[in-house]
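Pasted below: upload_12.cif, mmCIF, C-alpha atoms.
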data_model
#
loop_
_atom_site.label_atom_id
_atom_site.label_comp_id
_atom_site.auth_asym_id
_atom_site.auth_seq_id
_atom_site.Cartn_x
_atom_site.Cartn_y
_atom_site.Cartn_z
CA MET Y 153 83.09 73.15 95.41
CA LYS Y 154 81.88 70.59 92.92
CA THR Y 155 80.57 72.42 89.86
CA MET Y 156 81.72 75.04 87.35
CA ASP Y 157 78.87 77.29 88.63
CA GLU Y 158 80.29 77.15 92.16
CA PHE Y 159 83.77 77.93 90.84
CA MET Y 160 82.33 80.87 88.89
CA GLU Y 161 80.60 82.14 92.05
CA HIS Y 162 83.89 81.90 93.97
CA THR Y 163 85.70 83.74 91.14
CA ILE Y 164 83.20 86.64 91.04
CA GLN Y 165 83.20 86.98 94.85
CA ASP Y 166 87.01 86.96 94.93
CA LEU Y 167 87.08 89.71 92.29
CA TYR Y 168 84.47 91.74 94.16
CA SER Y 169 86.59 91.58 97.31
CA ALA Y 170 89.77 92.39 95.33
CA GLU Y 171 88.20 95.49 93.75
CA GLN Y 172 86.77 96.67 97.08
CA GLN Y 173 90.14 96.34 98.80
CA ALA Y 174 91.88 98.08 95.87
CA LEU Y 175 89.38 100.95 95.99
CA GLU Y 176 89.92 101.38 99.72
CA ALA Y 177 93.72 101.30 99.39
CA MET Y 178 93.89 103.68 96.40
CA PRO Y 179 93.90 106.96 98.42
CA GLU Y 180 96.88 105.68 100.48
CA LEU Y 181 98.85 105.30 97.26
CA SER Y 182 97.60 108.38 95.42
CA ASP Y 183 97.98 110.76 98.39
CA MET Y 184 101.74 110.25 98.18
CA VAL Y 185 101.94 110.86 94.41
CA GLN Y 186 103.84 113.95 93.18
CA ASN Y 187 103.67 113.52 89.40
CA GLU Y 188 100.61 115.25 87.96
CA HIS Y 189 99.90 112.68 85.22
CA LEU Y 190 100.15 109.85 87.71
CA ARG Y 191 97.77 111.64 90.07
CA GLN Y 192 95.27 112.08 87.21
CA ALA Y 193 95.62 108.40 86.26
CA PHE Y 194 94.72 107.44 89.84
CA THR Y 195 91.66 109.71 89.83
CA VAL Y 196 90.42 108.18 86.57
CA HIS Y 197 91.15 104.65 87.79
CA GLN Y 198 89.29 105.24 91.05
CA ARG Y 199 86.13 106.14 89.11
CA GLU Y 200 86.68 103.17 86.81
CA THR Y 201 87.01 100.84 89.80
CA GLU Y 202 83.67 102.06 91.20
CA MET Y 203 82.12 101.23 87.82
CA GLN Y 204 83.84 97.82 87.76
CA LEU Y 205 82.36 97.02 91.18
CA GLN Y 206 78.92 97.93 89.83
CA ARG Y 207 79.53 95.62 86.87
CA LEU Y 208 80.33 92.76 89.26
CA VAL Y 209 77.06 93.42 91.11
CA GLN Y 210 75.26 93.28 87.75
CA ILE Y 211 77.00 90.01 86.82
CA ALA Y 212 76.12 88.53 90.22
CA GLN Y 213 72.47 89.45 89.64
CA GLN Y 214 72.55 87.79 86.18
CA LEU Y 215 74.07 84.64 87.67
CA GLY Y 216 71.73 84.69 90.68
CA ILE Y 217 74.55 84.84 93.23
CA ASP Y 218 75.69 87.16 96.02
CA PRO Y 219 78.76 89.26 95.05
CA GLU Y 220 79.94 89.18 98.68
CA GLY Y 221 81.22 86.17 100.58
CA GLU Y 222 84.95 85.90 99.88
CA THR Y 223 88.04 87.77 101.05
CA CYS Y 224 90.68 88.04 98.35
CA LEU Y 225 93.85 86.96 100.17
CA ALA Y 226 96.07 87.80 97.21
CA MET Y 227 94.91 91.44 97.09
CA GLN Y 228 95.46 91.60 100.86
CA GLY Y 229 99.07 90.53 100.28
CA LEU Y 230 99.53 92.97 97.40
CA ILE Y 231 98.27 95.89 99.50
CA GLU Y 232 100.36 94.85 102.52
CA GLU Y 233 103.43 94.75 100.27
CA ALA Y 234 102.64 98.19 98.79
CA ARG Y 235 102.16 99.64 102.28
CA ASP Y 236 105.44 98.13 103.48
CA LEU Y 237 107.29 99.59 100.47
CA LEU Y 238 105.77 103.07 100.77
CA SER Y 239 106.54 103.22 104.49
CA GLN Y 240 110.22 103.16 103.50
CA LEU Y 241 109.90 106.12 101.10
CA GLU Y 242 109.43 109.88 101.23
CA PRO Y 243 107.13 111.51 98.64
CA GLY Y 244 109.14 112.23 95.49
CA GLN Y 245 110.14 110.79 92.14
CA LEU Y 246 111.43 107.53 93.61
CA ALA Y 247 108.17 107.02 95.53
CA ASP Y 248 106.23 107.73 92.32
CA ALA Y 249 108.23 105.00 90.54
CA ALA Y 250 107.53 102.59 93.43
CA ILE Y 251 103.81 103.47 93.46
CA ILE Y 252 103.57 102.70 89.74
CA GLY Y 253 105.25 99.32 90.34
CA ALA Y 254 102.85 98.49 93.17
CA ALA Y 255 99.80 99.59 91.16
CA GLN Y 256 100.89 97.51 88.17
CA LYS Y 257 101.15 94.42 90.37
CA MET Y 258 97.57 95.03 91.50
CA GLU Y 259 96.47 95.59 87.89
CA HIS Y 260 98.12 92.34 86.80
CA TYR Y 261 96.34 90.42 89.53
CA GLU Y 262 93.08 91.76 88.16
CA ILE Y 263 94.09 91.05 84.55
CA ALA Y 264 94.71 87.39 85.42
CA ALA Y 265 91.55 87.10 87.50
CA TYR Y 266 89.24 88.81 84.98
CA GLY Y 267 90.83 86.77 82.17
CA THR Y 268 89.96 83.54 83.97
CA ALA Y 269 86.45 84.77 84.86
CA ARG Y 270 85.74 85.93 81.29
CA THR Y 271 86.85 82.61 79.80
CA LEU Y 272 84.79 80.62 82.33
CA ALA Y 273 81.71 82.73 81.57
CA GLN Y 274 82.20 82.30 77.82
CA GLN Y 275 82.51 78.54 78.12
CA ALA Y 276 79.47 78.38 80.42
CA GLY Y 277 77.47 80.19 77.71
CA GLN Y 278 76.98 83.27 79.96
CA LYS Y 279 77.44 85.76 77.12
CA GLN Y 280 76.26 88.90 78.96
CA ALA Y 281 78.50 88.19 81.95
CA ALA Y 282 81.43 87.37 79.64
CA ASP Y 283 80.99 90.69 77.79
CA LEU Y 284 80.93 92.70 81.03
CA LEU Y 285 84.01 90.88 82.34
CA GLU Y 286 85.83 91.50 79.06
CA GLN Y 287 84.96 95.21 79.24
CA THR Y 288 86.64 95.44 82.66
CA LEU Y 289 89.56 93.26 81.51
CA ASN Y 290 90.24 95.72 78.66
CA GLU Y 291 90.09 98.66 81.08
CA GLU Y 292 92.61 96.99 83.42
CA LYS Y 293 94.96 96.33 80.49
CA ALA Y 294 94.61 99.96 79.36
CA THR Y 295 95.42 101.19 82.90
CA ASP Y 296 98.50 98.96 82.99
CA THR Y 297 99.68 100.36 79.63
CA LYS Y 298 99.03 103.94 80.79
CA LEU Y 299 101.11 103.32 83.95
CA THR Y 300 103.98 101.90 81.85
CA THR Y 301 103.88 105.01 79.65
CA ILE Y 302 104.02 107.33 82.67
CA ALA Y 303 106.85 105.27 84.21
CA THR Y 304 109.07 105.06 81.16
CA GLY Y 305 108.17 108.51 79.77
CA GLU Y 306 108.79 110.60 82.86
CA VAL Y 307 108.82 109.17 86.39
CA ASN Y 308 111.64 106.60 86.23
CA GLN Y 309 114.00 108.87 84.29
CA GLN Y 310 113.45 111.72 86.74
CA ALA Y 311 113.95 109.35 89.66
CA ALA Y 312 117.21 108.09 88.13
CA GLN Y 313 118.41 111.66 87.45
CA SER Y 314 117.49 112.97 90.89
CA GLU Y 315 120.04 110.81 92.68
CA MET V 279 115.14 103.95 100.75
CA LYS V 280 116.52 107.07 99.12
CA THR V 281 118.06 106.10 95.78
CA MET V 282 117.12 104.25 92.60
CA ASP V 283 119.89 101.71 93.42
CA GLU V 284 118.22 100.92 96.76
CA PHE V 285 114.85 100.56 95.03
CA MET V 286 116.46 98.23 92.48
CA GLU V 287 117.96 96.15 95.30
CA HIS V 288 114.54 95.90 96.97
CA THR V 289 112.95 94.89 93.64
CA ILE V 290 115.48 92.11 92.95
CA GLN V 291 115.21 90.77 96.53
CA ASP V 292 111.41 90.80 96.33
CA LEU V 293 111.55 88.85 93.05
CA TYR V 294 114.04 86.37 94.51
CA SER V 295 111.69 85.71 97.43
CA ALA V 296 108.68 85.49 95.09
CA GLU V 297 110.38 82.89 92.85
CA GLN V 298 111.58 80.86 95.84
CA GLN V 299 108.10 80.77 97.34
CA ALA V 300 106.59 79.89 93.95
CA LEU V 301 109.09 77.05 93.47
CA GLU V 302 108.29 75.67 96.91
CA ALA V 303 104.52 75.87 96.34
CA MET V 304 104.60 74.37 92.84
CA PRO V 305 104.46 70.68 93.91
CA GLU V 306 101.34 71.40 96.01
CA LEU V 307 99.59 72.62 92.87
CA SER V 308 101.01 70.13 90.38
CA ASP V 309 100.44 67.04 92.57
CA MET V 310 96.70 67.63 92.23
CA VAL V 311 96.78 68.04 88.44
CA GLN V 312 95.00 65.42 86.30
CA ASN V 313 95.44 66.83 82.79
CA GLU V 314 98.62 65.49 81.17
CA HIS V 315 99.49 68.70 79.26
CA LEU V 316 99.04 70.77 82.39
CA ARG V 317 101.26 68.40 84.35
CA GLN V 318 103.96 68.71 81.66
CA ALA V 319 103.64 72.50 81.70
CA PHE V 320 104.27 72.48 85.47
CA THR V 321 107.35 70.26 85.06
CA VAL V 322 108.79 72.60 82.43
CA HIS V 323 107.95 75.67 84.49
CA GLN V 324 109.58 74.22 87.61
CA ARG V 325 112.88 73.83 85.72
CA GLU V 326 112.47 77.31 84.26
CA THR V 327 111.90 78.77 87.73
CA GLU V 328 115.14 77.20 88.99
CA MET V 329 116.93 78.87 86.06
CA GLN V 330 115.18 82.19 86.79
CA LEU V 331 116.39 82.05 90.40
CA GLN V 332 119.94 81.49 89.10
CA ARG V 333 119.53 84.50 86.82
CA LEU V 334 118.51 86.63 89.83
CA VAL V 335 121.66 85.48 91.67
CA GLN V 336 123.69 86.47 88.60
CA ILE V 337 122.01 89.90 88.45
CA ALA V 338 122.61 90.43 92.17
CA GLN V 339 126.32 89.66 91.63
CA GLN V 340 126.46 92.17 88.74
CA LEU V 341 124.81 94.83 90.89
CA GLY V 342 126.93 93.95 93.95
CA ILE V 343 123.93 93.17 96.15
CA ASP V 344 122.62 90.20 98.14
CA PRO V 345 119.64 88.46 96.43
CA GLU V 346 118.20 87.60 99.86
CA GLY V 347 116.76 90.02 102.40
CA GLU V 348 113.09 90.48 101.51
CA THR V 349 109.95 88.40 101.94
CA CYS V 350 107.51 88.90 99.08
CA LEU V 351 104.21 89.49 100.88
CA ALA V 352 102.21 89.48 97.65
CA MET V 353 103.41 85.99 96.65
CA GLN V 354 102.60 84.85 100.21
CA GLY V 355 99.02 86.06 99.68
CA LEU V 356 98.79 84.47 96.22
CA ILE V 357 99.94 81.09 97.56
CA GLU V 358 97.63 81.32 100.59
CA GLU V 359 94.72 82.04 98.23
CA ALA V 360 95.65 79.10 95.96
CA ARG V 361 95.88 76.78 98.97
CA ASP V 362 92.50 77.95 100.27
CA LEU V 363 90.90 77.36 96.86
CA LEU V 364 92.43 73.91 96.34
CA SER V 365 91.38 72.80 99.82
CA GLN V 366 87.80 73.15 98.61
CA LEU V 367 88.30 70.93 95.55
CA GLU V 368 88.78 67.25 94.72
CA PRO V 369 91.30 66.34 91.96
CA GLY V 370 89.54 66.49 88.59
CA GLN V 371 88.78 68.78 85.69
CA LEU V 372 87.35 71.55 87.87
CA ALA V 373 90.45 71.50 90.09
CA ASP V 374 92.62 71.65 86.96
CA ALA V 375 90.73 74.76 85.82
CA ALA V 376 91.20 76.31 89.29
CA ILE V 377 94.91 75.44 89.35
CA ILE V 378 95.41 77.16 85.99
CA GLY V 379 93.66 80.27 87.33
CA ALA V 380 95.84 80.30 90.46
CA ALA V 381 99.03 79.74 88.46
CA GLN V 382 98.14 82.55 86.05
CA LYS V 383 97.69 84.95 88.98
CA MET V 384 101.20 84.03 90.15
CA GLU V 385 102.55 84.45 86.61
CA HIS V 386 100.95 87.88 86.30
CA TYR V 387 102.52 88.99 89.57
CA GLU V 388 105.87 88.02 88.12
CA ILE V 389 105.12 89.67 84.76
CA ALA V 390 104.40 92.99 86.52
CA ALA V 391 107.41 92.68 88.84
CA TYR V 392 109.91 91.68 86.11
CA GLY V 393 108.49 94.40 83.84
CA THR V 394 109.21 97.03 86.49
CA ALA V 395 112.66 95.58 87.27
CA ARG V 396 113.64 95.39 83.58
CA THR V 397 112.60 99.00 82.94
CA LEU V 398 114.45 100.24 86.05
CA ALA V 399 117.60 98.36 84.99
CA GLN V 400 117.38 99.78 81.44
CA GLN V 401 117.00 103.32 82.72
CA ALA V 402 119.86 102.85 85.20
CA GLY V 403 122.07 101.79 82.24
CA GLN V 404 122.43 98.22 83.62
CA LYS V 405 122.20 96.57 80.21
CA GLN V 406 123.27 93.04 81.22
CA ALA V 407 120.81 92.96 84.12
CA ALA V 408 118.05 94.39 81.92
CA ASP V 409 118.65 91.68 79.28
CA LEU V 410 118.50 88.88 81.87
CA LEU V 411 115.32 90.32 83.40
CA GLU V 412 113.76 90.60 79.95
CA GLN V 413 114.65 86.98 79.21
CA THR V 414 112.71 85.87 82.32
CA LEU V 415 109.88 88.30 81.57
CA ASN V 416 109.43 86.69 78.15
CA GLU V 417 109.43 83.21 79.70
CA GLU V 418 106.74 84.24 82.22
CA LYS V 419 104.59 85.67 79.40
CA ALA V 420 105.06 82.46 77.38
CA THR V 421 104.01 80.35 80.40
CA ASP V 422 100.90 82.50 80.86
CA THR V 423 99.98 82.07 77.17
CA LYS V 424 100.58 78.30 77.38
CA LEU V 425 98.27 78.07 80.43
CA THR V 426 95.56 80.02 78.59
CA THR V 427 95.84 77.60 75.65
CA ILE V 428 95.51 74.57 77.93
CA ALA V 429 92.56 76.18 79.77
CA THR V 430 90.56 77.20 76.71
CA GLY V 431 91.59 74.25 74.54
CA GLU V 432 90.77 71.42 76.91
CA VAL V 433 90.47 71.87 80.68
CA ASN V 434 87.64 74.41 81.00
CA GLN V 435 85.48 72.76 78.36
CA GLN V 436 85.86 69.36 79.98
CA ALA V 437 85.12 70.88 83.40
CA ALA V 438 81.96 72.53 82.01
CA GLN V 439 80.86 69.29 80.34
CA SER V 440 81.55 67.12 83.37
CA GLU V 441 78.82 68.72 85.49
#

For this file, produce the structure as C-alpha cells.
Amino acid sequence: MKTMDEFMEHTIQDLYSAEQQALEAMPELSDMVQNEHLRQAFTVHQRETEMQLQRLVQIAQQLGIDPEGETCLAMQGLIEEARDLLSQLEPGQLADAAIIGAAQKMEHYEIAAYGTARTLAQQAGQKQAADLLEQTLNEEKATDTKLTTIATGEVNQQAAQSE
Amino acid sequence: MKTMDEFMEHTIQDLYSAEQQALEAMPELSDMVQNEHLRQAFTVHQRETEMQLQRLVQIAQQLGIDPEGETCLAMQGLIEEARDLLSQLEPGQLADAAIIGAAQKMEHYEIAAYGTARTLAQQAGQKQAADLLEQTLNEEKATDTKLTTIATGEVNQQAAQSE
C-alpha cells in the first residue's frame, strides 16, 4: 500500500466487510431481546445497515474500486466476543443490558471507521463519497445514542431491580 | 451469569484485558510513527493507559472482584487488524494516517466499553467506581479528539500531498 487511494480502497473494503458481518450477526443478538423498544431499534438498524451497504457499493463505484476484498478482523472479534457473552446468559433484562453493550461496541467501531473514511475522502477531494460516508456516520451516532437512551431509561434499571 | 454484579465483574475484567493488550501493542504502533506530535500523543497515552489499568485494579478492589479472568476478544481482533494493516505499509505519512485510524478504533472500543461500565456502576449505586470509570472515559474521549486533530491538521493532508 503506497498511496492514499490504496488506503482509501482498503478502508472502504474493510467497512463493507464490517457491515456485512454485522448484518449477518444481528438476528443472533435481536432474537434474544425481550425489551420491545430494543427489538424495534434492532429492526430499524437492520434496515439502515442494508442501506449503508448500498451506500458503500455506490461509493466504490464512484471511486472505481471493488467493495469486496477485505475481511474486517476487528468486527470478527467484536462478534465473537458478543457471542461468547450471550452464551453465558438467559433471555431477560440482564441479557438485554448485555446486548446493548455489545451492540454499542459494534457501533463505536463503525463510528471510528466511518470517521476516518469520511475525513480521508474529504481531504482527497471526493466530495460525493465524503457526503455519503458522513450520512452513515451520523446514522451510527444516532443509533448509539438511541441505545444509550434505552439502556439508561429502562433496561439497566430493570436488570438491576430484578436481582 | 445471572446477576448485574456478575455482569459488572465480566465488564471490568474485559476492560482490564483490553487495556493490557492495548498497552502491549502500543509500541508496535508508535515505533513506526514519523510525525512528532503523533509520537508525543502515543507517549502520553501509554502513561495514561498504565494509570487506567491501576484504576481498574482499584475498582476491582472496591467491588471485591479479581480484575483478571477474561480475554477481550474484540481488542484481540482490533490489534490483529492493526498489525495486518501496518504490515502492508512503510513508515511515512500514509502509515501515520493508518496508525491514527487504527488507534481511534481501539479508543472507540474503550469509549463504548467504559460508557457501559460507568452506567452500570451508576445504576448499581457504586458511586466511587462510576466516578473512576467516568474519569477514564473522559480521557479516552480526549485522546480520540486529539488524534482527530492531528489527523486533520497535519498527517492526512501531508499523506494526500505526498503522492

Once the PyMOL selection byres ((chain V) within 7 of (chain Y)) has been evaluated on this model, what residues remain selected, and can you format them as number ranges by chain?
V: 279-282, 351-352, 354-356, 358-359, 366-367, 372, 379, 382-383, 386-387, 390-391, 394, 398, 401-402, 434-435, 437-438, 441

Would you save the residues of that selection, restricted to C-alpha atoms, as a PDB file, keeping the file's coordinate frame?
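What follows is the written file again11.pdb:
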ATOM      1  CA  MET V 279     115.140 103.950 100.750  1.00  0.00           C
ATOM      2  CA  LYS V 280     116.520 107.070  99.120  1.00  0.00           C
ATOM      3  CA  THR V 281     118.060 106.100  95.780  1.00  0.00           C
ATOM      4  CA  MET V 282     117.120 104.250  92.600  1.00  0.00           C
ATOM      5  CA  LEU V 351     104.210  89.490 100.880  1.00  0.00           C
ATOM      6  CA  ALA V 352     102.210  89.480  97.650  1.00  0.00           C
ATOM      7  CA  GLN V 354     102.600  84.850 100.210  1.00  0.00           C
ATOM      8  CA  GLY V 355      99.020  86.060  99.680  1.00  0.00           C
ATOM      9  CA  LEU V 356      98.790  84.470  96.220  1.00  0.00           C
ATOM     10  CA  GLU V 358      97.630  81.320 100.590  1.00  0.00           C
ATOM     11  CA  GLU V 359      94.720  82.040  98.230  1.00  0.00           C
ATOM     12  CA  GLN V 366      87.800  73.150  98.610  1.00  0.00           C
ATOM     13  CA  LEU V 367      88.300  70.930  95.550  1.00  0.00           C
ATOM     14  CA  LEU V 372      87.350  71.550  87.870  1.00  0.00           C
ATOM     15  CA  GLY V 379      93.660  80.270  87.330  1.00  0.00           C
ATOM     16  CA  GLN V 382      98.140  82.550  86.050  1.00  0.00           C
ATOM     17  CA  LYS V 383      97.690  84.950  88.980  1.00  0.00           C
ATOM     18  CA  HIS V 386     100.950  87.880  86.300  1.00  0.00           C
ATOM     19  CA  TYR V 387     102.520  88.990  89.570  1.00  0.00           C
ATOM     20  CA  ALA V 390     104.400  92.990  86.520  1.00  0.00           C
ATOM     21  CA  ALA V 391     107.410  92.680  88.840  1.00  0.00           C
ATOM     22  CA  THR V 394     109.210  97.030  86.490  1.00  0.00           C
ATOM     23  CA  LEU V 398     114.450 100.240  86.050  1.00  0.00           C
ATOM     24  CA  GLN V 401     117.000 103.320  82.720  1.00  0.00           C
ATOM     25  CA  ALA V 402     119.860 102.850  85.200  1.00  0.00           C
ATOM     26  CA  ASN V 434      87.640  74.410  81.000  1.00  0.00           C
ATOM     27  CA  GLN V 435      85.480  72.760  78.360  1.00  0.00           C
ATOM     28  CA  ALA V 437      85.120  70.880  83.400  1.00  0.00           C
ATOM     29  CA  ALA V 438      81.960  72.530  82.010  1.00  0.00           C
ATOM     30  CA  GLU V 441      78.820  68.720  85.490  1.00  0.00           C
TER      31      GLU V 441
END

The PyMOL selection byres ((chain Y and resi 200-207) around 10) resolved against shown file, as a PyMOL selection string:
chain Y and resi 167-172+174-175+178+194-199+208-213+219+281+284-285+287-289+291-292+295

For the atom pair atom CA of Y:Asp248 and atom CA of V:Asn416, what is the interatomic distance in Å to one decimal place?
25.6 Å

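A straight line drawn from atom CA of V:Pro305 to atom CA of V:Arg317 is 10.3 Å long.
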
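As for atom CA of Y:Ala273 and atom CA of V:Ala319, they are spaced 24.2 Å apart.
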